[in-house]
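K.L.:
Dropping in my_file-v2.txt, with compact mmCIF, C-alpha atoms.
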```
# COMPACT_ATOMS: atom_id res chain seq x y z
CA MET G 1054 12.02 34.78 -13.42
CA LEU G 1055 14.78 36.45 -15.43
CA THR G 1056 18.20 37.41 -14.15
CA VAL G 1057 19.84 40.43 -15.72
CA SER G 1058 23.47 41.34 -15.02
CA SER G 1059 24.32 43.54 -17.99
CA LEU G 1060 23.00 45.65 -20.83
CA SER G 1061 23.73 42.73 -23.18
CA ASP G 1062 21.35 40.57 -21.10
CA ILE G 1063 18.65 43.20 -21.62
CA ASP G 1064 19.40 43.33 -25.36
CA HIS G 1065 19.11 39.53 -25.56
CA GLN G 1066 15.73 39.52 -23.80
CA MET G 1067 14.50 42.31 -26.09
CA GLN G 1068 15.50 40.20 -29.09
CA LEU G 1069 13.34 37.37 -27.74
CA ILE G 1070 10.42 39.77 -27.32
CA VAL G 1071 10.78 41.09 -30.87
CA ALA G 1072 10.95 37.52 -32.25
CA SER G 1073 7.80 36.60 -30.32
CA ALA G 1074 5.99 39.68 -31.65
CA ALA G 1075 7.15 38.89 -35.20
CA HIS G 1076 5.77 35.36 -34.90
CA SER G 1077 2.36 36.69 -33.91
CA GLN G 1078 2.45 39.43 -36.52
CA LYS G 1079 2.94 36.74 -39.16
CA TRP G 1080 -0.11 34.88 -37.83
CA MET G 1081 -2.21 38.09 -37.85
CA THR G 1082 -1.31 39.02 -41.42
CA ALA G 1083 -2.34 35.54 -42.61
CA GLN G 1084 -5.86 35.87 -41.18
CA THR G 1085 -8.82 36.30 -43.52
CA GLY G 1086 -12.56 35.84 -43.23
CA ASP G 1087 -14.95 36.91 -40.50
CA PRO G 1088 -13.26 39.63 -38.40
CA LEU G 1089 -15.13 38.65 -35.23
CA GLU G 1090 -13.91 35.08 -35.63
CA VAL G 1091 -10.34 36.39 -35.91
CA PHE G 1092 -10.88 38.49 -32.77
CA ARG G 1093 -12.36 35.47 -30.97
CA ARG G 1094 -9.27 33.44 -31.80
CA MET G 1095 -7.00 36.28 -30.65
CA LYS G 1096 -8.79 36.47 -27.30
CA PHE G 1097 -9.44 32.81 -26.53
CA GLU G 1098 -7.06 30.58 -28.49
CA PRO G 1099 -3.31 30.09 -27.94
CA VAL G 1100 -2.35 31.65 -31.29
CA GLY G 1101 0.30 33.93 -29.73
CA CYS G 1102 3.36 33.19 -27.65
CA HIS G 1103 4.88 34.35 -24.40
CA PRO G 1104 7.35 37.18 -24.98
CA VAL G 1105 10.33 35.50 -23.26
CA GLU G 1106 9.32 31.90 -22.56
CA ASN G 1107 8.82 29.16 -25.10
CA ARG G 1108 5.07 28.65 -24.65
CA THR G 1109 1.84 29.67 -26.31
CA LEU G 1110 -0.63 32.30 -25.10
CA ASN G 1111 -3.70 33.93 -26.47
CA LEU G 1112 -2.76 37.03 -28.43
CA VAL G 1113 -4.39 39.49 -26.04
CA GLU G 1114 -2.32 38.12 -23.17
CA GLN G 1115 0.80 38.22 -25.33
CA VAL G 1116 0.29 41.94 -25.91
CA ASN G 1117 -0.14 42.54 -22.17
CA GLN G 1118 2.84 40.39 -21.21
CA THR G 1119 5.02 41.95 -23.91
CA TRP G 1120 4.61 45.44 -22.52
CA THR G 1121 4.98 44.18 -18.95
CA PHE G 1122 8.37 42.72 -19.81
CA VAL G 1123 9.43 45.71 -21.94
CA ALA G 1124 8.69 48.02 -18.99
CA ALA G 1125 10.67 45.80 -16.59
CA LEU G 1126 13.64 45.61 -18.96
CA ALA G 1127 13.60 49.38 -19.58
CA ALA G 1128 13.56 49.91 -15.81
CA THR G 1129 16.41 47.49 -15.29
CA ARG G 1130 18.48 49.32 -17.90
CA ILE G 1131 18.21 52.46 -15.74
CA LEU G 1132 18.83 50.56 -12.51
CA LEU G 1133 22.01 48.99 -13.91
CA GLU G 1134 23.30 52.49 -14.59
CA LYS G 1135 22.16 54.05 -11.29
CA HIS G 1136 23.17 51.10 -9.08
CA SER G 1137 26.01 49.39 -10.92
CA GLY G 1138 27.18 47.54 -7.81
CA ALA G 1139 23.76 46.25 -6.79
CA GLY G 1140 23.18 43.62 -9.50
CA PRO G 1141 22.39 41.19 -10.75
CA PHE G 1142 18.72 42.07 -10.94
CA HIS G 1143 15.92 39.53 -10.83
CA LEU G 1144 12.81 40.28 -12.88
CA ALA G 1145 9.45 38.67 -12.36
CA PRO G 1146 6.90 41.21 -13.57
CA GLY G 1147 3.22 40.46 -13.49
CA ALA G 1148 0.44 39.52 -11.15
CA HIS G 1149 1.66 35.99 -10.44
CA ALA G 1150 5.31 36.84 -9.95
CA ALA G 1151 7.84 34.87 -7.95
CA LEU G 1152 9.32 37.98 -6.29
CA ALA G 1153 7.93 40.49 -3.81
CA LEU G 1154 8.51 43.20 -6.44
CA ASP G 1155 8.74 43.18 -10.24
CA VAL G 1156 12.48 43.96 -10.19
CA MET G 1157 14.82 43.32 -7.26
CA SER G 1158 18.56 43.48 -6.90
CA GLU G 1159 20.15 40.34 -5.58
CA ASP G 1160 21.62 42.28 -2.66
CA GLY G 1161 18.15 43.54 -1.67
CA LEU G 1162 19.11 47.21 -1.86
CA VAL G 1163 17.05 48.08 -4.96
CA GLY G 1164 13.43 47.25 -5.74
CA ALA G 1165 10.96 48.41 -8.37
CA GLU G 1166 7.45 47.95 -9.61
CA THR G 1167 6.88 48.36 -13.35
CA PHE G 1168 3.90 48.62 -15.68
CA ALA G 1169 2.62 49.87 -19.02
CA ALA G 1170 -0.65 51.77 -19.36
CA VAL G 1171 -2.30 54.42 -21.49
CA LYS G 1172 -2.34 56.66 -18.39
CA PRO G 1173 -0.25 55.91 -15.28
CA ASN G 1174 -3.28 56.34 -13.01
CA ASN G 1175 -5.47 53.90 -15.00
CA ASN G 1176 -7.08 51.33 -12.70
CA GLY G 1177 -5.20 52.86 -9.76
CA LYS G 1178 -2.01 51.10 -10.90
CA LEU G 1179 0.43 53.87 -9.97
CA ALA G 1180 -1.19 54.39 -6.56
CA ALA G 1181 -1.17 50.64 -5.88
CA ASP G 1182 2.50 50.30 -6.83
CA LEU G 1183 3.48 53.30 -4.68
CA ALA G 1184 1.54 51.81 -1.75
CA LYS G 1185 3.21 48.43 -2.28
CA LEU G 1186 6.67 49.98 -2.24
CA ALA G 1187 5.82 52.05 0.85
CA LYS G 1188 5.44 48.71 2.67
CA HIS G 1189 9.10 47.92 1.99
CA PRO G 1190 11.09 50.58 3.91
CA GLU G 1191 13.87 48.00 4.34
CA ILE G 1192 14.72 48.52 0.65
CA PRO G 1193 16.70 51.78 0.52
CA HIS G 1194 16.26 52.39 -3.23
CA ARG G 1195 12.61 52.05 -4.31
CA TYR G 1196 11.16 52.90 -7.71
CA VAL G 1197 8.09 52.77 -9.91
CA PHE G 1198 8.76 52.73 -13.66
CA PHE G 1199 6.00 53.02 -16.23
CA ILE G 1200 5.48 53.19 -19.98
CA SER G 1201 2.74 55.57 -21.13
CA PRO G 1202 2.23 57.46 -24.38
CA LEU G 1203 1.46 60.52 -22.22
CA PHE G 1204 5.08 60.46 -20.98
CA PRO G 1205 7.16 59.71 -24.11
CA SER G 1206 10.59 60.13 -22.51
CA ILE G 1207 12.91 58.50 -20.03
CA GLN G 1208 12.56 60.91 -17.18
CA ARG G 1209 12.04 61.08 -13.46
CA GLN G 1210 8.52 62.25 -12.59
CA PRO G 1211 8.88 63.86 -9.13
CA GLN G 1212 5.33 65.27 -9.22
CA LEU G 1213 4.08 61.66 -8.96
CA GLU G 1214 6.32 60.58 -6.08
CA ILE G 1215 5.32 59.84 -2.48
CA ASP G 1216 6.90 58.12 0.52
CA GLY G 1217 10.44 58.34 -0.86
CA VAL G 1218 9.66 56.21 -3.93
CA GLU G 1219 11.13 57.55 -7.17
CA VAL G 1220 8.80 57.47 -10.19
CA TRP G 1221 10.16 57.30 -13.73
CA SER G 1222 8.62 57.23 -17.18
CA VAL G 1223 10.44 54.92 -19.59
CA HIS G 1224 10.06 53.73 -23.15
CA LEU G 1225 11.80 51.42 -25.61
```
Kindly transcribe the structure held in the file into structure tokens.

P.N.:
Amino acid sequence: MLTVSSLSDIDHQMQLIVASAAHSQKWMTAQTGDPLEVFRRMKFEPVGCHPVENRTLNLVEQVNQTWTFVAALAATRILLEKHSGAGPFHLAPGAHAALALDVMSEDGLVGAETFAAVKPNNNGKLAADLAKLAKHPEIPHRYVFFISPLFPSIQRQPQLEIDGVEVWSVHL
């Protein structure tokens, strides 16, 4: 779990993510030989690294985790601006998270789910996150933030909202 109190905390975490990606990029550019063998290693061997923790991952999981954390950090950047008195924010994005929601303010007044996908409705992710947040009416400020190439701006998406949950597209 990460704790973010300021924009500089977000910038620091993004630097870790970029360094992790650079490490894996170096590994990828050094690969030669059978392309399927390279793909096998990317999928099954710990040749990548976690975007913010000092541990290895397979490269496919690194890509997924990278964008999960980028989405959560982009969301938190907006939440720090919209709810300056609510922080710090705790981030634990992902399926095996330590929090009820991907991003939560310490005071319990702000909560968000975050994700990255080609389309926000892929695999029912947006609908599932909206349903999850609908189960938390005790949180007065509820959000879903997503990264998608179909929505290349930081913008509220009211056409996607239900049950009083704000939906925002974000990007780097």

K.L.:
Mind giving me the straight-line distance from atom CA of Val1156 of chain G to atom CA of Gln1115 of chain G in Å, one decimal?

P.N.:
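Computing it gives 20.0 Å between the two atoms.
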
K.L.:
Can you tell me, as a ChimeraX atom specification, what residues are no more than 8 Å from Met1157 of chain G when counting all atoms listed in the file, ignoring any on the same chain fewer than 4 positions away?

P.N.:
/G:1142-1144,1152,1161-1165

K.L.:
Nearest to Glu1159 of chain G among G:Ile1200, G:Ile1131, G:Ile1192, G:Lys1172, with distances taken over only C-alpha atoms: which residue is it?

P.N.:
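Result for the nearest residue to Glu1159 of chain G: G:Ile1192.
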
K.L.:
Give one line per residue of segment 1084-1146 of chain G that approaches segment 1061-1078 of chain G to at most 12 Å, naming the two atoms of the closest pair and their distance in Å to one decimal, counting all atoms listed in the file; sort by chain then ascending residue number and deliver it as a Markdown table.

P.N.:
```
| residue | atom | partner | partner_atom | distance |
| --- | --- | --- | --- | --- |
| G:Gln1084 | CA | G:Gln1078 | CA | 10.2 |
| G:Met1095 | CA | G:Ser1077 | CA | 9.9 |
| G:Pro1099 | CA | G:Ser1077 | CA | 10.6 |
| G:Val1100 | CA | G:Ser1077 | CA | 7.4 |
| G:Gly1101 | CA | G:Ser1077 | CA | 5.4 |
| G:Cys1102 | CA | G:Ser1073 | CA | 6.2 |
| G:His1103 | CA | G:Ser1073 | CA | 7.0 |
| G:Pro1104 | CA | G:Ile1070 | CA | 4.6 |
| G:Val1105 | CA | G:Leu1069 | CA | 5.7 |
| G:Glu1106 | CA | G:Leu1069 | CA | 8.5 |
| G:Asn1107 | CA | G:Ser1073 | CA | 9.1 |
| G:Arg1108 | CA | G:Ser1073 | CA | 10.1 |
| G:Thr1109 | CA | G:Ser1073 | CA | 10.0 |
| G:Leu1110 | CA | G:Ser1077 | CA | 10.3 |
| G:Asn1111 | CA | G:Ser1077 | CA | 10.0 |
| G:Leu1112 | CA | G:Ser1077 | CA | 7.5 |
| G:Val1113 | CA | G:Ser1077 | CA | 10.7 |
| G:Glu1114 | CA | G:Ser1077 | CA | 11.8 |
| G:Gln1115 | CA | G:Ala1074 | CA | 8.3 |
| G:Val1116 | CA | G:Ala1074 | CA | 8.4 |
| G:Asn1117 | CA | G:Ala1074 | CA | 11.6 |
| G:Gln1118 | CA | G:Ile1070 | CA | 9.8 |
| G:Thr1119 | CA | G:Ile1070 | CA | 6.7 |
| G:Trp1120 | CA | G:Ile1070 | CA | 9.4 |
| G:Thr1121 | CA | G:Ile1070 | CA | 10.9 |
| G:Phe1122 | CA | G:Ile1070 | CA | 8.3 |
| G:Val1123 | CA | G:Met1067 | CA | 7.4 |
| G:Ala1124 | CA | G:Met1067 | CA | 10.8 |
| G:Ala1125 | CA | G:Ile1063 | CA | 9.8 |
| G:Leu1126 | CA | G:Ile1063 | CA | 6.2 |
| G:Ala1127 | CA | G:Ile1063 | CA | 8.2 |
| G:Ala1128 | CA | G:Ile1063 | CA | 10.2 |
| G:Thr1129 | CA | G:Ile1063 | CA | 8.0 |
| G:Arg1130 | CA | G:Ile1063 | CA | 7.2 |
| G:Ile1131 | CA | G:Ile1063 | CA | 11.0 |
| G:Leu1132 | CA | G:Ile1063 | CA | 11.7 |
| G:Leu1133 | CA | G:Ile1063 | CA | 10.2 |
| G:Pro1141 | CA | G:Asp1062 | CA | 10.4 |
| G:Phe1142 | CA | G:Asp1062 | CA | 10.6 |
| G:His1143 | CA | G:Asp1062 | CA | 11.7 |
| G:Leu1144 | CA | G:Ile1063 | CA | 10.9 |
```

K.L.:
What does the distance from atom CA of Ala1187 of chain G to atom CA of Ala1153 of chain G come to in Å, to one decimal?

P.N.:
12.6 Å

K.L.:
Suppose you want the space between atom CA of Ala1083 of chain G and atom CA of Lys1096 of chain G; what is it in Å?

P.N.:
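It comes out at 16.6 Å.
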